[in-house]
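Participant: There's a structure below that I have some questions on.
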Amino acid sequence: MKKISIFSTLLAGVVAFSACTPEIEPGVPPVSYDPVDSAKVAINITAQEYAQAIDLNTYAADSVAAFTIDLSATPELSAGTTLEYTLTMAATEDMAAAVTIPVTVEGNVAKVAAADLNTKVQTLFGKRPQPDTFYNRLGALVKDASGRNFELASNVITATVTPVATPIESAYYLIGELTGWGLVSDYKFNHSGKDVYEDPIFTITVTVEGESYWKVAPQSAIDSQEWATVLGNTEADGSTSAEGSLADDKSAVGAMKFPGAGNYKITLNMEAYTYTVEVVPDVTEYFVVGDFSGWSQTDGQRLYSVSGAPAQGWIVLNGAGANGWKISSQADWNGTNYGAGEEAAAEATSMLLSTDGDASNITQYSAFSYEVLFDAANLNLTILNTVNTWGLVGTFNEWGSPDVPMTLSTEAGMDYLVATLTLDAGAEFKIRADEGWTINYGDAGAGDGTLARDGGNFSVAEAGDYEVRFYFCAQTPYYTVTKL
């Protein structure tokens with residue numbers, strides 16, 4: 001009984017691999033065969049370009065000659081035999097959660113398209129432009145004219161590849177006529193605080209008084225005061241499009257433009273380098289100022305009325321409410337100021353306010369924080385909820401007590417609650433009031449760091465020390481989680 005060696009027959013000019021399913025035409029007539037001993041069926045692969053780390057950001061060719069193939073199995077085959085190759089890649093040597101990538105074979109060299117390789121590495125490891133080491137296994141489905149099918153499986157080899165990724169900076173800022181075209185940090189885009197390659201979405205809502213040109217400045221431009229990395233659009237100077245593509249100052253056609261007075265929400269997708277602009281309802285901003293803030297609107301808190309409706313939100317008086325506070329219509333004392341309009345009992349559930357210049361300070365509330373409803377039209381303040389402590393609860397304390405306490409802090413005129421804690425990889429947690437579950441906040445699921453009552457758990461991928469912030473007085477409350 002004659003045996004045909006795959007190694008000697010296929011590599012000695014019998015096979016010219018040029019596609020994923022090349023046809024093998026041995027120069028001998030079909031012969032009979034014994035059942036294949038799978039223990040003798042194997043492919044050996046040896047790294048070619050994979051032997052060196054590959055940076056796809058500087059790699060010039062369209063394909064990568066990944067490795068050479070040595071077919072060492074020797075089952076008997078008949079004419080018309082074909083091999084269909086499959087390459088799998090995984091983050092771990094056991095090839096768990098592997099992804100499949102198209103492969104072509106020329107001679108005894110297996111190649112993968114550089115674009116496919118980039119996509120698969122990002123699938124396994126994310127879009128951060130860093131060297132990632134992964135594992136490779138080549139398989140081949142052997143089919144002959146007699147209907148016999150069996151698989152060849154290679155050894156596992158490693159490769160290290162840096163994927164192509166657009167750099168995403170830690171923070172972005174709105175600049176333009178609102179800032180006198182200064183490279184300043186007054187209008188910072190909100191972000192979830194997650195790794196920017198896991199969450200590339202940044203948002204901001206602004207109010208303008210009329211037509212207004214704008215651009216986007218990354219953190220590097222703010223730090224360096226250089227315009228080279230400032231982002232404009234690729235469409236036209238003064239584009240009022242609701243969506244568009246971003247480009248740096250060297251490539252951008254010009255600035256974007258708000259078409260008229262109103263409130264606008266800008267959303268940046270810094271992975272795709274795109275932006276969207278949407279009109280949002282009229283919003284009136286009120287400033288909560290008092291002893292807790294040194295009577296400074298700049299260091300105070302905010303309440304927001306949408307389309308004339310009563311403003312609802314949290315204020316954190318930090319236990320100093322009895323020392324006096326007011327609500328102001330603008331960031332100084334030259335607007336309308338709302339003080340106490342009647343004698344009300346301590347911790348009254350509602351009270352009448354006054355806009356008289358001689359109106360007394362509000363002194364009835366001594367707890368740490370309150371959820372309030374402020375009706376400027378009817379001069380009424382309603383207390384919806386009273387909370388004495390805020391804290392973090394999660395897997396780190398088995399979802400029990402005590403919580404990690406959050407304290408009041410401020411930065412750039414924005415108050416927030418903050419706590420630091422040590423978390424294990426994969427830890428989950430939430431923000432809650434008074435160590436109970438009546439009032440708790442989690443992720444809203446929008447991918448932009450916004451919060452929702454009874455929302456989803458927050459989580460961290462890596463172990464370490466973290467700072468968690470709760471921006472309770474933003475127009476849309478949000479959170480950040482920062483590894484220290």
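In the structure tokens, the first chain shown is A, the next is B, and so on; residue numbers restart at 1 for each chain, and ligands run from 1 in the order shown.
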So which residues touch Glu177 in chain A within 10 Å, counting only C-alpha atoms, skipping near sequence neighbours fewer than 5 positions away, as an MDAnalysis selection string?

Facilitator: chainID A and resid 182 208 211:215 257

Participant: Could you give me, as a list in words, each residue of range 53-126 of chain A that DSSP assigns to alpha helix (DSSP H) when run on this structure's backbone?

Facilitator: Ala114, Ala115, Asp116, Leu117, Asn118, Thr119, Lys120, Val121, Gln122, Thr123, Leu124 and Phe125 of chain A

Participant: What's around Ile43 in chain A at 7 Å? Count only C-alpha atoms, leave out sequence neighbours fewer than 2 positions away in its own chain, and write the answer as a PyMOL selection string.

Facilitator: chain A and resi 45+69-72+152-155

Participant: May I have the residues within 9 Å of Lys430 in chain A as an NGL selection string, using only C-alpha atoms and disregarding those fewer than 3 positions away in the same chain?

Facilitator: :A and (391-394 or 440-443 or 455-459)

Participant: Using only C-alpha atoms, which protein or nucleic acid residues come within 7 Å of range 316-333 of chain A? Drop anything in the same chain fewer than 4 positions from it, and give the result as a PyMOL selection string.

Facilitator: chain A and resi 285-292+297-298+337-339+361-370

Participant: Suppose you want the space between CA of Pro402 in chain A and CA of Tyr466 in chain A; what is it in Å?

Facilitator: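 Interatomic distance, CA of Pro402 in chain A to CA of Tyr466 in chain A: 18.0 Å.
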
Participant: Nearest residue to Lys483 in chain A out of A:Ala272, A:Gly260, A:Pro102, A:Gly193, using only C-alpha atoms?

Facilitator: A:Gly193
